[in-house]
Amino acid sequence: MQRIKRTLLLLSLAVACSTAHAAVTGVALVHGTGNQTDAYNDYWQAGMVEGVRNGLTDRNNLLVVNCDFTRYMWDDRAAGCLAGQLTSFIQNRHLDRLIVITHSNGGNVMRWILSNPTWDARYPNIIQHLVKVDAIAPSSAGTPLADAVIAGNVFESALGWLLGYQNDAVRQQQVGWMATYNQQYLLGTAGRPALPVPFRDVVGTDVVSGFWTSQAYCGGYSSSVGLEITQNWLSSCSDGFIECSSGTAAGTLWFKDTQRTSGGSVLNHNQSRRACFGLESILANDIKG
């Protein structure tokens, strides 16, 4: 009997210790091109943020990043700002594990941090805590539309709402420029060393803008129409801004939109930062896993 009591006591202590040391997980949402001061409302919107938050045991362990991503990815106002906010998040919430969800050019800023750990003293600690980066519609190989904006042709007026104008982040996302960065400064693309943590791509494959289909209205009908127009200057597989080849250029493919979205819906570039077709639930369930 004494032996049984001792065994039960040891088991209870083991369970208590396991519970006490349960890993604390946090999620950071990292926006794309733009100088954000309220990315919760202006970039992601509540449906997306709160939907992702549902995947957390402690709902307070979510950070919506606000940085100036009109700058080059290495700029202190871009990667430096992101590193500062992630570092404070890890420290203040006592995180053991960090999952980052990025959109568009946010993936490039995260890849800069992952690829250049000696650039900033804060980078190694961030990398140490990172479990994975889920990169939604990343512009890992740039986009021809950035070239068009920098050239100052008709796209500048058509894409101001999406890209901004001739800023450094747009200049950086020109196809040739990103090829150089990928060859010399960034990890994770073909022929380069792997990134230190999984970098998983979510890729949009098409744009639906017909007024008769409900798919076109999620995220805003005017955005769907605009992306349908810009898609004419891209390859057949694109989300209206990022070609599929660019979206899968770094890391590994997690899924293409139609493989997991409700009803097999496509995600245009605007919809992939919104609570469209169950995307927020896919991300939340992945956090739980």
# chains A, B, ... in the order shown; residues from 1 in each chain; ligands from 1

call {"tool": "residues_around", "arguments": {"residues": "stretch 34-40 of chain A", "least_positions_apart": "2", "cutoff": "8 Å", "atoms": "only C-alpha atoms", "output": "ChimeraX atom specification"}}
result
/A:31-32,42-46,49,64-70,163-164

call {"tool": "write_last_selection", "arguments": {"atoms": "C-alpha atoms", "output": "short mmCIF file (atom, residue, chain, number, x, y, z; two decimals), in the first residue's frame"}}
result
data_model
loop_
_atom_site.label_atom_id
_atom_site.label_comp_id
_atom_site.auth_asym_id
_atom_site.auth_seq_id
_atom_site.Cartn_x
_atom_site.Cartn_y
_atom_site.Cartn_z
CA HIS A 31 1.52 42.94 -42.42
CA GLY A 32 2.78 43.61 -45.94
CA ASP A 42 -6.70 48.77 -41.60
CA TYR A 43 -4.78 45.74 -42.83
CA TRP A 44 -6.15 42.50 -41.35
CA GLN A 45 -9.51 43.55 -39.90
CA ALA A 46 -11.19 42.05 -36.85
CA VAL A 49 -7.37 38.69 -36.26
CA VAL A 64 -0.55 42.64 -34.43
CA VAL A 65 2.63 44.26 -35.71
CA ASN A 66 2.67 47.90 -36.88
CA CYS A 67 5.80 48.96 -38.76
CA ASP A 68 6.90 51.05 -41.71
CA PHE A 69 7.18 48.51 -44.50
CA THR A 70 7.50 51.16 -47.19
CA LEU A 163 1.30 48.87 -53.28
CA GLY A 164 1.71 52.51 -52.51
#

call {"tool": "select_by_dssp", "arguments": {"residues": "stretch 71-265 of chain A", "states": "alpha helix (DSSP H)", "output": "VMD selection string"}}
result
chain A and resid 81 to 92 106 to 115 123 to 129 144 to 151 155 to 163 168 to 172 175 to 184 221 to 230 244 to 247 257 to 260

call {"tool": "closest_residue", "arguments": {"among": "A:Ile113, A:Val133, A:Ala23, A:Leu63", "to": "A:Leu95", "atoms": "only C-alpha atoms"}}
result
A:Ala23

call {"tool": "residues_around", "arguments": {"residues": "A:Asp96", "least_positions_apart": "2", "cutoff": "10 Å", "atoms": "only C-alpha atoms", "output": "list in words"}}
result
His21, Ala22, Ala23, Val24, Thr25, Gly26, Ile90, Gln91, Arg93, His94, Leu98, Gln128, His129, Leu130 and Val131 of chain A

call {"tool": "closest_residue", "arguments": {"among": "A:Leu114, A:Val225, A:Ala284, A:Cys237", "to": "A:Ala194", "atoms": "only C-alpha atoms"}}
result
A:Leu114

call {"tool": "residues_around", "arguments": {"residues": "A:Thr143", "least_positions_apart": "4", "cutoff": "10 Å", "atoms": "only C-alpha atoms", "output": "list in words"}}
result
Ser139, Asp147, Ala148, Val170, Gln172, Gln173, Gln174, Val175, Gly176, Met178, Leu234, Phe241, Ile242, Glu243, Ser245, Ser246 and Gly247 of chain A

call {"tool": "write_last_selection", "arguments": {"atoms": "C-alpha atoms", "output": "PDB file, in the first residue's frame"}}
result
ATOM      1  CA  SER A 139       6.397  38.103 -52.771  1.00  0.00           C
ATOM      2  CA  ASP A 147       8.491  46.972 -61.937  1.00  0.00           C
ATOM      3  CA  ALA A 148       5.504  48.646 -63.555  1.00  0.00           C
ATOM      4  CA  VAL A 170       8.046  48.601 -53.981  1.00  0.00           C
ATOM      5  CA  GLN A 172      12.769  46.169 -53.558  1.00  0.00           C
ATOM      6  CA  GLN A 173      10.006  43.902 -54.924  1.00  0.00           C
ATOM      7  CA  GLN A 174      11.007  44.377 -58.553  1.00  0.00           C
ATOM      8  CA  VAL A 175      11.698  40.960 -60.057  1.00  0.00           C
ATOM      9  CA  GLY A 176      15.363  41.580 -60.864  1.00  0.00           C
ATOM     10  CA  MET A 178      14.526  40.238 -55.607  1.00  0.00           C
ATOM     11  CA  LEU A 234       0.692  38.337 -64.770  1.00  0.00           C
ATOM     12  CA  PHE A 241      -0.574  40.687 -57.494  1.00  0.00           C
ATOM     13  CA  ILE A 242       1.757  37.756 -56.796  1.00  0.00           C
ATOM     14  CA  GLU A 243       2.440  35.047 -59.333  1.00  0.00           C
ATOM     15  CA  SER A 245       6.011  31.053 -58.893  1.00  0.00           C
ATOM     16  CA  SER A 246       6.920  33.975 -56.627  1.00  0.00           C
ATOM     17  CA  GLY A 247       4.652  32.794 -53.830  1.00  0.00           C
TER      18      GLY A 247
END

call {"tool": "closest_residue", "arguments": {"among": "A:Gln231, A:Ser214, A:Thr252, A:Ser115", "to": "A:Ala135", "atoms": "only C-alpha atoms"}}
result
A:Thr252

call {"tool": "atom_distance", "arguments": {"atom1": "atom CA of A:Arg200", "atom2": "atom CA of A:Thr248"}}
result
8.7 Å
